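Report on the structure given below.
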Amino acid sequence: MSILGTRVVRTEDPRILTVGGTYVDDLREPELLGAARVIFVRSPIAHARITSIDTDEARRAPGVVAVLTAADMDDLGPPPPPPEDGGGGEGAPMPLGGPWSEPLLAIDRVRFVGEPVAIVICDDSYSGADAAELVSVDYEPLPPVVTLDDALTGTTLLFPDAGSNVAVDSAGPADPDAFDGCEVVIEQTIVNQRLAALPMEGRAVAACYVDGKLTVWASTQNAQIARFILAGAFGMDPASIRVVAPDVGGGFGAKVAIDRDGIVVAWAARRLGRALRWAETRSENLVAMTQGRAQRQVIKLGGSRDGRILAYQLDVIQDTGAYPRMGGFLPFLTKLMAAGPYDLPKVQTAARTVVTNTTPISAYRGAGRPEATAAIERAVDLFAAEIGMDPGDVRRINLVAADKFPFQSPSGPLYDSGDYASALDKVLAGAGYQELRTEQAARRERGDTVALGIGLSSYVEITAADAAGGETGRLDVHDDGTATVYTGSSAHGQGHHTTWAMLVESELGIPMDKVTVIHGDTDLIPLAVGTYGSRSLQLGGVAVQKAAWEVKDQARAVAADMLEASEADLELDAETGLWQVRGDPASARTWAEVATHAEAEGFTASVNYTEGTPTFPFGSHVAVVEVDTETGKVRLVRHITVDDAGTIISPLQAEGQRHGGIAQGAAQALLEEVVYDSQGNPQTGTLVDYAAISAPDLPSFELLSMQTPTPVNALGVKGIGEAGTIGATPAVQNAVIDAVSHLGVRHIDMPTTPSRVWAAINEAGGSGGSAPRTSTVRGS
Amino acid sequence: MIPATFTYKRARSVEDAFDLLAAGGDEAKYLAGGQSLLPLMKLRLAAPEMLVDVGRLDELSYIRDEGNHIAIGALTSHHVLATSHLLASDLPLLAHAAGQVGDPQVRHRGTIGGSLAHADPAADLPAVVLALDATLVARGPGGGREIGVHEFFLGLFETSLQPDELLTEIRVPKPGRAGWSFQKFTKRAIDWAIVGVAVQGGNVALVNMGQTPLRAGAVERALASGSWLPEAAALAADGTSPSDDLNGSSAYRQHLARVLVTRALQEARSRDKSD
Amino acid sequence: MDIALTVNGSEVKADVADRTLLVHFLREHLDLTATKVGCDTSSCGACTVLLDGQSVKSCTVLAAQADGRAVTTIEGLANDSGEWHAVQRAFRAEHGLQCGFCTSGMVMAAVGLLSENDSPTEEEVRAGLEGNLCRCTGYHNIVRAVLAASREGQGQ
């Protein structure tokens, strides 16, 4: 029986549980002995001209090695020109460049609180913290552009040479007749709020430059792309740069490749010829690491009273923060997945991306797709409420039927496989949906001040959206029968080492504990994409499988030679890892024996793999909440999910991915939000104010299984990393609104904090208003 | 993340603490559990040049039944308060509230004296000792004195303690009526109270409804004059000036105060055994 | 100033700047890097260690305050024969970690929790971990791990 699909504990764990993981700030490499510390000086103001930077006093402070600003970056050439096609627009996750260029250290202008202005390099972090306070920067304030509407008026431009604050515009003409023939049309402006990525490990980089070689250790999801970016930034041959990703404490999309702060550290190491290390504080992380979401959406949905949706329109304004790093790319993905799992006759989308004097926005947990799901799931619920139909029934009527796959979604992609209605039915049954509705009705009948809310979501997600880029995998089998995998993927919690070892054991019979997996070192793995977009199992894992097949073919030839038999008579027992001539157990040879017999005394196969097409996991969630209508406080009581990501290789880890996603998805619906005041000052710049979710705020989750394999790859696997996030946010938001719908509430923007829920109840004129109701009803 | 430089001194006795602080001058502060002071120093919102650590003065950590009152040493940790059998039976309001402060790690280090001296109106224990009509005992180089809790909290992070005085004991009269309740309303379990209510008998104190913990005088007077519970509770926000902030508007806080006082009074009534 | 303390059972003496935080003392002076720094407002719990057997946030304790005390980090949790603590075993068995950054602090907080309540309910486990943030696991398996460890301790 294959190990695939069985409950296997992780190979990564023993080290972490006994001596802790080794993240950048833990590295004790010899090259980093005596490394100096880098402390960033950052802008305290959202929008200003820099009129002077005085570093004299800081330079004289104890322990200071150097204080550097943009003026010291004369050893770098000008930034490369923007790509010919304009770059960074739709479909390209590249910075826009040109008039939207983002400097490394601020030159003459700052555009967000937290923008790096100078670095202090110091013997140790304690002296560095003191010295950094001595750098004196004079700012001439400029009017801050904080809200989307501020940006759209264009009164103050962040990039005067660009002539606008609209960085990307794909509005296009809308079909004026799209909603003709709809008996019912709902329209709502909704906010998908700005979130902090908040990995538990912030950004961290260490670097040294010795004998012409730059080595950079970075908390990154993509060492190879980081190397490419560093080479471009410094005009260096990539072969002179080594990037290493040690253990990485979470990424969630915000640690893709390397950002300007990391590039500055690497530059400084090269400039000074001194090993350097940098690890940001949490306060820095909450204002200077890229953030996520930040869309304002206008949703319009029309249909008939029998529940059939006829037209859907989504209009997005994306806040990209001070610099359009991912340009129009995030809303491009939002538009791509706008139709969700529904079979809709007409879908129209439009998107604009604007800059504001706030932290730059980039990929975060689903990067544009959760925004699409949240929008249409709100629209479906609003429509259901308007026509007085159960939201589950409305979904069922409109979900793509199981016999329609592969399905060409009206908003763009070709969905590979799916059974959306079964997922919905399964989760409703698992949740005990009818009983929940009965309980809800009973509470309303009694006038219970603690209301029950049930929220649904159905979703489909695109994984390996950049499948064209493929992933590399190399497998070596050594003469002692052990194996080493060099994978292009770059796990930061996803447990690839365990799963790839499972694949090798499954294919070749080499036990997991004899398989070493290596990732994230460009000296060992020069070509790779890394991990984001839930691509790694279906590309990197399948690459390992294919490399294993190649090794198997090589070994078959060698074993045949060893045993003087024909290749056709050779078989490998994947349970025992023994090669033998069919029907002749005495001929059995171990991998060690066969590998020793090979000319190279081992086997190796390298694969760069893709089928070139993404896959589409899907599912449905049910969230059950209680809302205290006297205070607005929400409690998530139960969360039940079906998340179908095709064949499950490592069930323990698949569940773990779902759990983590549900928690962050629920956190967006209930608690988290990055807030700025009218001057662009962050109001949620520490973990006291940024409401990350903790254990007592969550229940245990109820996960139901469903596996609809994809025909796209040999394993039948899709990605699962963001299923939980994408499904959970709208289910929880819908549940909160559902809980108070009997009080006249139609919509509450996220996060559904107590004060927001209470305000919504009041505005709707519901009976949870200002006079407290004593619980006279329930026997008190 | 890194506090500004300071000199650390450890006091071996209360008298030693006074001497060390005097030698340290104006920029010296006492350090107890550090769970309020150290976070401020790490963000450089406070930068005392000397810390006099009184945390080893075990003689100031106790809970004693003194007959008509309970005497609590100022350096008793929240964890000890929360797990005390004596408090559980005689002062459950304090035991329960202490168990709600921060998180377990904070409760192992933080002390009641430190929390009261810090005087954050959003903290739990200041309102609790206010509801309990406690007397605070302070000692300084010049001697000791008793401070009634109603004279103790002067403003935001401001108490009537002199800079060189150390809180040594909190004396809590044993409550006449057993009914108590502590309503801590938060967004997340870990948060400071958006609004909180501490009730002991007919005493009602409010958390985070002003610059100091407050007694809901209008509620208390209404109850004392025989008002029906909901009528009295409707006066909860009278005389309060809660702030607008990320967690809610002033109006929302006033509404919460009324709701939470109602619930607290109902819960206290159900616990009241002295009728 | 000079300090002397026990760390994971071993005597340690050092001369440190007065303002040294315990977490930095452990990580930089003793190279015990398993304990992590995750925030600067005592919010995240990644730095949790045991001080005289009680869980504390080592970022909010001065090294000077640990003078004369005993500190236990995750590196010192296994017994002298190298046998893992029940909590370590349970975290592995229940997949209670993903990226691992919160894990040292989470495990030590759990050890502290179980030392004070050896048979917690799920609600008590969740409340007991309110000072420890995790972004990867959603806490589901962490809670399972702590409950499993408590059952093992009960001999179930």
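Going by the structure tokens order, chains are called A, B, ..., each with residues numbered from 1, while ligands are numbered from 1 in the order shown.
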Handout entry: Exercise: region 313-330 of chain A partners within 6 Å, only C-alpha atoms, chain neighbours under 2 positions left out, as a ChimeraX atom specification
Key = /A:88-95,111,168,294-300,332-333,347-362,367-368
Please dump the current selection as a short mmCIF file (atom, residue, chain, number, x, y, z; two decimals), in the first residue's frame; keep N, CA and C atoms.
data_model
loop_
_atom_site.label_atom_id
_atom_site.label_comp_id
_atom_site.auth_asym_id
_atom_site.auth_seq_id
_atom_site.Cartn_x
_atom_site.Cartn_y
_atom_site.Cartn_z
N GLY A 88 4.07 45.62 -15.57
CA GLY A 88 3.31 45.76 -14.34
C GLY A 88 1.84 45.98 -14.53
N GLY A 89 1.41 46.04 -15.74
CA GLY A 89 -0.03 46.19 -15.92
C GLY A 89 -0.69 44.86 -15.72
N GLU A 90 -1.77 44.67 -16.42
CA GLU A 90 -2.50 43.43 -16.26
C GLU A 90 -1.59 42.24 -16.50
N GLY A 91 -1.77 41.26 -15.67
CA GLY A 91 -1.12 39.98 -15.95
C GLY A 91 0.37 39.94 -15.68
N ALA A 92 0.93 40.95 -15.07
CA ALA A 92 2.37 40.89 -14.83
C ALA A 92 2.69 41.39 -13.43
N PRO A 93 3.13 40.52 -12.54
CA PRO A 93 3.41 40.94 -11.16
C PRO A 93 4.74 41.65 -11.03
N MET A 94 5.01 42.59 -11.91
CA MET A 94 6.27 43.31 -11.85
C MET A 94 5.97 44.75 -11.46
N PRO A 95 6.90 45.40 -10.81
CA PRO A 95 6.70 46.83 -10.53
C PRO A 95 6.55 47.61 -11.85
N ARG A 111 6.84 58.67 0.77
CA ARG A 111 5.45 58.50 0.36
C ARG A 111 4.63 57.61 1.28
N VAL A 168 -3.07 51.96 -12.93
CA VAL A 168 -3.53 51.01 -13.95
C VAL A 168 -5.04 51.20 -14.08
N ALA A 294 -7.29 45.53 0.47
CA ALA A 294 -7.45 46.98 0.22
C ALA A 294 -8.14 47.26 -1.10
N GLN A 295 -9.31 46.68 -1.30
CA GLN A 295 -10.11 46.99 -2.46
C GLN A 295 -11.44 47.58 -2.03
N ARG A 296 -11.91 48.54 -2.80
CA ARG A 296 -13.31 48.94 -2.67
C ARG A 296 -14.02 48.40 -3.90
N GLN A 297 -15.14 47.76 -3.70
CA GLN A 297 -15.80 47.05 -4.79
C GLN A 297 -17.25 47.52 -4.90
N VAL A 298 -17.71 47.69 -6.12
CA VAL A 298 -19.14 47.88 -6.34
C VAL A 298 -19.63 46.60 -6.99
N ILE A 299 -20.54 45.94 -6.31
CA ILE A 299 -21.09 44.70 -6.84
C ILE A 299 -22.53 44.94 -7.29
N LYS A 300 -22.85 44.38 -8.42
CA LYS A 300 -24.20 44.52 -8.95
C LYS A 300 -24.60 43.15 -9.50
N PHE A 332 -6.30 42.16 -11.46
CA PHE A 332 -6.40 41.29 -12.63
C PHE A 332 -6.84 39.89 -12.20
N LEU A 333 -6.25 39.41 -11.13
CA LEU A 333 -6.66 38.10 -10.62
C LEU A 333 -8.08 38.15 -10.06
N VAL A 347 -21.02 38.38 -17.28
CA VAL A 347 -20.14 38.86 -16.22
C VAL A 347 -19.33 40.02 -16.78
N GLN A 348 -19.33 41.11 -16.04
CA GLN A 348 -18.53 42.26 -16.46
C GLN A 348 -17.64 42.66 -15.31
N THR A 349 -16.42 42.99 -15.63
CA THR A 349 -15.52 43.43 -14.56
C THR A 349 -14.75 44.66 -15.01
N ALA A 350 -14.36 45.44 -14.07
CA ALA A 350 -13.53 46.61 -14.34
C ALA A 350 -12.66 46.84 -13.12
N ALA A 351 -11.48 47.38 -13.33
CA ALA A 351 -10.61 47.63 -12.19
C ALA A 351 -9.72 48.83 -12.45
N ARG A 352 -9.49 49.59 -11.39
CA ARG A 352 -8.50 50.65 -11.42
C ARG A 352 -7.61 50.48 -10.20
N THR A 353 -6.36 50.83 -10.38
CA THR A 353 -5.40 50.75 -9.27
C THR A 353 -4.91 52.16 -8.97
N VAL A 354 -5.02 52.58 -7.75
CA VAL A 354 -4.56 53.92 -7.38
C VAL A 354 -3.48 53.85 -6.32
N VAL A 355 -2.65 54.87 -6.33
CA VAL A 355 -1.62 54.99 -5.29
C VAL A 355 -2.12 55.91 -4.18
N THR A 356 -1.70 55.61 -2.97
CA THR A 356 -2.02 56.44 -1.81
C THR A 356 -0.79 56.50 -0.91
N ASN A 357 -0.76 57.41 0.00
CA ASN A 357 0.38 57.54 0.92
C ASN A 357 0.25 56.56 2.08
N THR A 358 0.27 55.29 1.71
CA THR A 358 0.14 54.24 2.71
C THR A 358 1.11 53.12 2.33
N THR A 359 1.22 52.13 3.18
CA THR A 359 2.14 51.03 2.93
C THR A 359 1.80 50.34 1.60
N PRO A 360 2.82 50.04 0.80
CA PRO A 360 2.52 49.35 -0.46
C PRO A 360 1.81 48.03 -0.25
N ILE A 361 0.91 47.76 -1.18
CA ILE A 361 0.12 46.53 -1.17
C ILE A 361 0.75 45.53 -2.12
N SER A 362 0.78 44.29 -1.72
CA SER A 362 1.27 43.25 -2.62
C SER A 362 0.51 41.96 -2.33
N ALA A 367 -3.95 36.64 -2.81
CA ALA A 367 -3.59 37.69 -3.77
C ALA A 367 -4.64 38.00 -4.81
N GLY A 368 -5.70 38.66 -4.44
CA GLY A 368 -6.70 39.08 -5.41
C GLY A 368 -7.86 38.12 -5.57
#
Exercise for the section: Just need the residues of chain A within 9 Å of chain B, counting only C-alpha atoms, so spit them out as a count of residues only. Expected result: 37
Exercise for the section: Write out as number ranges by chain which residues come within 9 Å of Asp67 (chain C) when counting only C-alpha atoms, dropping same-chain ones fewer than 4 positions away. Expected result: C: 2-6, 63
With C-alpha atoms retained, write the just-selected residues as a PDB file, in the first residue's frame.
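As a result, out38.pdb now contains:
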ATOM      1  CA  ASP C   2      27.157  40.437  36.745  1.00  0.00           C
ATOM      2  CA  ILE C   3      24.452  37.849  36.745  1.00  0.00           C
ATOM      3  CA  ALA C   4      24.441  34.159  37.608  1.00  0.00           C
ATOM      4  CA  LEU C   5      21.553  31.903  36.780  1.00  0.00           C
ATOM      5  CA  THR C   6      20.665  28.386  35.801  1.00  0.00           C
ATOM      6  CA  ALA C  63      18.230  39.345  32.304  1.00  0.00           C
TER       7      ALA C  63
END
Exercise for the section: Would you mind listing what lies within 8 Å of region 39-43 of chain A as a list in words, with only C-alpha atoms counted and same-chain residues fewer than 3 positions away left out? Expected result: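 The filter keeps Ala46, Val110, Phe112, Val113, Gly114, Glu115, Pro116, Val117, Ala118, Ile119, Val120, Ile121, Cys122, Ser125, Gly128, Ala129, Ala132, Val135, Trp278 and Glu280 of chain A.
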Problem - At most 7 Å to chain A: residues in chain C, only C-alpha atoms, as a PyMOL selection string - result: chain C and resi 33-34+38-41+43+74-75+88+92-93+95+98-102+104+126-127+129-130+133-140
Practice task
Pull out every residue of chain B that has at least one atom within 6 Å of chain C, counting only C-alpha atoms, and report them as a ChimeraX atom specification.
Solution key: /B:1,7-8,39,103,105
Expected file contents, prior selection, C-alpha atoms, as an mmCIF file, in the first residue's frame:
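So out.cif came out as:
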data_model
loop_
_atom_site.group_PDB
_atom_site.id
_atom_site.type_symbol
_atom_site.label_atom_id
_atom_site.label_comp_id
_atom_site.auth_asym_id
_atom_site.auth_seq_id
_atom_site.Cartn_x
_atom_site.Cartn_y
_atom_site.Cartn_z
ATOM 1 C CA MET B 1 12.284 46.969 21.029
ATOM 2 C CA THR B 7 21.227 51.540 35.582
ATOM 3 C CA TYR B 8 19.687 48.562 37.359
ATOM 4 C CA PRO B 39 6.763 47.519 27.418
ATOM 5 C CA ASP B 103 -2.445 36.438 29.673
ATOM 6 C CA GLN B 105 2.656 34.845 31.196
#
Practice task
To one decimal in Å, tell me the separation between CA of Trp591 (chain A) and CA of Gly541 (chain A).
Solution key: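 One can read the CA of Trp591 (chain A) to CA of Gly541 (chain A) distance as 21.8 Å.
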Problem - region 497-507 of chain A environment, 7 Å, only C-alpha atoms, sequence neighbours closer than 2 positions dropped, as a ChimeraX atom specification - result: /A:2-4,10-12,495,509-512,515,517,541,544-545,548,574,650
Exercise for the section: Find the spatial neighbours of Val146 (chain C), counting only C-alpha atoms, within a cut-off of 7 Å - ignore same-chain residues fewer than 6 positions away - and output them as a PyMOL selection string. Expected result: chain C and resi 87+90+110
With a distance cut-off of 10 Å and only C-alpha atoms, select the neighbouring residues of Arg242 (chain A), excluding the residue or stretch itself and same-chain residues fewer than 2 positions from it, and output the selection as a compact mmCIF listing (two decimals) with C-alpha atoms, in the first residue's frame.
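Final output, saved to around_22.txt:
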# COMPACT_ATOMS: atom_id res chain seq x y z
CA ALA A 207 24.67 39.30 3.74
CA LYS A 213 30.81 36.75 -4.30
CA LEU A 214 27.75 38.17 -2.60
CA THR A 215 25.98 35.74 -0.27
CA VAL A 216 22.55 36.75 0.96
CA TRP A 217 20.53 34.81 3.51
CA ALA A 223 15.63 32.47 -3.36
CA GLN A 224 16.18 32.14 -7.10
CA ALA A 226 15.60 37.08 -5.26
CA ARG A 227 18.97 36.35 -6.83
CA LEU A 230 19.69 41.37 -6.79
CA PRO A 238 23.89 36.06 -11.08
CA ALA A 239 26.66 33.49 -10.76
CA SER A 240 28.41 35.91 -8.39
CA VAL A 244 19.96 31.09 0.72
CA ASP A 521 20.02 27.60 -2.02
CA THR A 522 20.85 29.05 -5.42
CA ASP A 523 24.30 27.43 -5.41
CA LEU A 524 22.63 24.03 -5.25
CA PRO A 526 20.12 27.66 -9.56
Problem - DSSP strand (DSSP E) residues within region 285-329 of chain A, as a ChimeraX atom specification - result: /A:291-303,309-319
Could the residues in this selection be saved with N, CA and C atoms as a PDB file, in the first residue's frame?
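Below you can see selection_4.pdb, which holds the result:
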ATOM      1  N   GLN A 291       1.383  44.945   2.539  1.00  0.00           N
ATOM      2  CA  GLN A 291       0.111  44.554   3.120  1.00  0.00           C
ATOM      3  C   GLN A 291      -0.785  43.991   2.035  1.00  0.00           C
ATOM      4  N   GLY A 292      -1.978  43.568   2.426  1.00  0.00           N
ATOM      5  CA  GLY A 292      -2.831  42.858   1.475  1.00  0.00           C
ATOM      6  C   GLY A 292      -4.234  43.417   1.391  1.00  0.00           C
ATOM      7  N   ARG A 293      -4.929  42.965   0.378  1.00  0.00           N
ATOM      8  CA  ARG A 293      -6.349  43.260   0.106  1.00  0.00           C
ATOM      9  C   ARG A 293      -6.499  44.743  -0.282  1.00  0.00           C
ATOM     10  N   ALA A 294      -7.285  45.527   0.468  1.00  0.00           N
ATOM     11  CA  ALA A 294      -7.445  46.982   0.219  1.00  0.00           C
ATOM     12  C   ALA A 294      -8.139  47.263  -1.099  1.00  0.00           C
ATOM     13  N   GLN A 295      -9.306  46.681  -1.296  1.00  0.00           N
ATOM     14  CA  GLN A 295     -10.112  46.993  -2.462  1.00  0.00           C
ATOM     15  C   GLN A 295     -11.444  47.579  -2.027  1.00  0.00           C
ATOM     16  N   ARG A 296     -11.911  48.537  -2.796  1.00  0.00           N
ATOM     17  CA  ARG A 296     -13.312  48.937  -2.674  1.00  0.00           C
ATOM     18  C   ARG A 296     -14.019  48.396  -3.896  1.00  0.00           C
ATOM     19  N   GLN A 297     -15.142  47.757  -3.701  1.00  0.00           N
ATOM     20  CA  GLN A 297     -15.802  47.051  -4.786  1.00  0.00           C
ATOM     21  C   GLN A 297     -17.253  47.521  -4.898  1.00  0.00           C
ATOM     22  N   VAL A 298     -17.712  47.687  -6.115  1.00  0.00           N
ATOM     23  CA  VAL A 298     -19.144  47.880  -6.344  1.00  0.00           C
ATOM     24  C   VAL A 298     -19.630  46.604  -6.995  1.00  0.00           C
ATOM     25  N   ILE A 299     -20.543  45.943  -6.312  1.00  0.00           N
ATOM     26  CA  ILE A 299     -21.093  44.695  -6.843  1.00  0.00           C
ATOM     27  C   ILE A 299     -22.528  44.942  -7.291  1.00  0.00           C
ATOM     28  N   LYS A 300     -22.846  44.385  -8.420  1.00  0.00           N
ATOM     29  CA  LYS A 300     -24.205  44.517  -8.954  1.00  0.00           C
ATOM     30  C   LYS A 300     -24.597  43.154  -9.500  1.00  0.00           C
ATOM     31  N   LEU A 301     -25.710  42.679  -9.091  1.00  0.00           N
ATOM     32  CA  LEU A 301     -26.129  41.348  -9.508  1.00  0.00           C
ATOM     33  C   LEU A 301     -27.605  41.378  -9.844  1.00  0.00           C
ATOM     34  N   GLY A 302     -27.940  40.785 -10.976  1.00  0.00           N
ATOM     35  CA  GLY A 302     -29.336  40.768 -11.394  1.00  0.00           C
ATOM     36  C   GLY A 302     -29.778  39.366 -11.735  1.00  0.00           C
ATOM     37  N   GLY A 303     -31.033  39.095 -11.481  1.00  0.00           N
ATOM     38  CA  GLY A 303     -31.553  37.764 -11.791  1.00  0.00           C
ATOM     39  C   GLY A 303     -33.061  37.749 -11.718  1.00  0.00           C
ATOM     40  N   ILE A 309     -29.395  33.638 -11.479  1.00  0.00           N
ATOM     41  CA  ILE A 309     -28.620  34.860 -11.678  1.00  0.00           C
ATOM     42  C   ILE A 309     -28.369  35.034 -13.173  1.00  0.00           C
ATOM     43  N   LEU A 310     -28.645  36.220 -13.671  1.00  0.00           N
ATOM     44  CA  LEU A 310     -28.479  36.475 -15.103  1.00  0.00           C
ATOM     45  C   LEU A 310     -27.286  37.358 -15.420  1.00  0.00           C
ATOM     46  N   ALA A 311     -26.945  38.234 -14.506  1.00  0.00           N
ATOM     47  CA  ALA A 311     -25.836  39.154 -14.789  1.00  0.00           C
ATOM     48  C   ALA A 311     -25.137  39.553 -13.506  1.00  0.00           C
ATOM     49  N   TYR A 312     -23.820  39.721 -13.605  1.00  0.00           N
ATOM     50  CA  TYR A 312     -23.019  40.135 -12.444  1.00  0.00           C
ATOM     51  C   TYR A 312     -21.965  41.119 -12.900  1.00  0.00           C
ATOM     52  N   GLN A 313     -21.838  42.182 -12.146  1.00  0.00           N
ATOM     53  CA  GLN A 313     -20.842  43.190 -12.493  1.00  0.00           C
ATOM     54  C   GLN A 313     -20.000  43.503 -11.271  1.00  0.00           C
ATOM     55  N   LEU A 314     -18.723  43.536 -11.460  1.00  0.00           N
ATOM     56  CA  LEU A 314     -17.794  43.826 -10.366  1.00  0.00           C
ATOM     57  C   LEU A 314     -16.873  44.951 -10.795  1.00  0.00           C
ATOM     58  N   ASP A 315     -16.879  46.004 -10.010  1.00  0.00           N
ATOM     59  CA  ASP A 315     -16.043  47.161 -10.305  1.00  0.00           C
ATOM     60  C   ASP A 315     -15.114  47.362  -9.118  1.00  0.00           C
ATOM     61  N   VAL A 316     -13.828  47.267  -9.377  1.00  0.00           N
ATOM     62  CA  VAL A 316     -12.852  47.262  -8.290  1.00  0.00           C
ATOM     63  C   VAL A 316     -12.002  48.517  -8.323  1.00  0.00           C
ATOM     64  N   ILE A 317     -11.813  49.131  -7.179  1.00  0.00           N
ATOM     65  CA  ILE A 317     -10.719  50.102  -7.050  1.00  0.00           C
ATOM     66  C   ILE A 317      -9.717  49.493  -6.078  1.00  0.00           C
ATOM     67  N   GLN A 318      -8.531  49.280  -6.592  1.00  0.00           N
ATOM     68  CA  GLN A 318      -7.462  48.678  -5.793  1.00  0.00           C
ATOM     69  C   GLN A 318      -6.567  49.787  -5.251  1.00  0.00           C
ATOM     70  N   ASP A 319      -6.421  49.810  -3.934  1.00  0.00           N
ATOM     71  CA  ASP A 319      -5.431  50.691  -3.303  1.00  0.00           C
ATOM     72  C   ASP A 319      -4.111  49.936  -3.346  1.00  0.00           C
TER      73      ASP A 319
END
Problem - Which of B:Leu154, B:Leu94, B:Ala237, B:Val219 sits closest to Ser250 (chain B) [using only C-alpha atoms] - result: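 Ranking B:Leu154, B:Leu94, B:Ala237, B:Val219 by distance to Ser250 (chain B), first place goes to B:Ala237.
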Handout entry: Selected residue of minimal separation from Asn222 (chain A) among A:Ala106, A:Leu527, A:Leu336, A:Ile462, counting only C-alpha atoms
Key =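 For Asn222 (chain A), the nearest of the given residues is A:Leu527.
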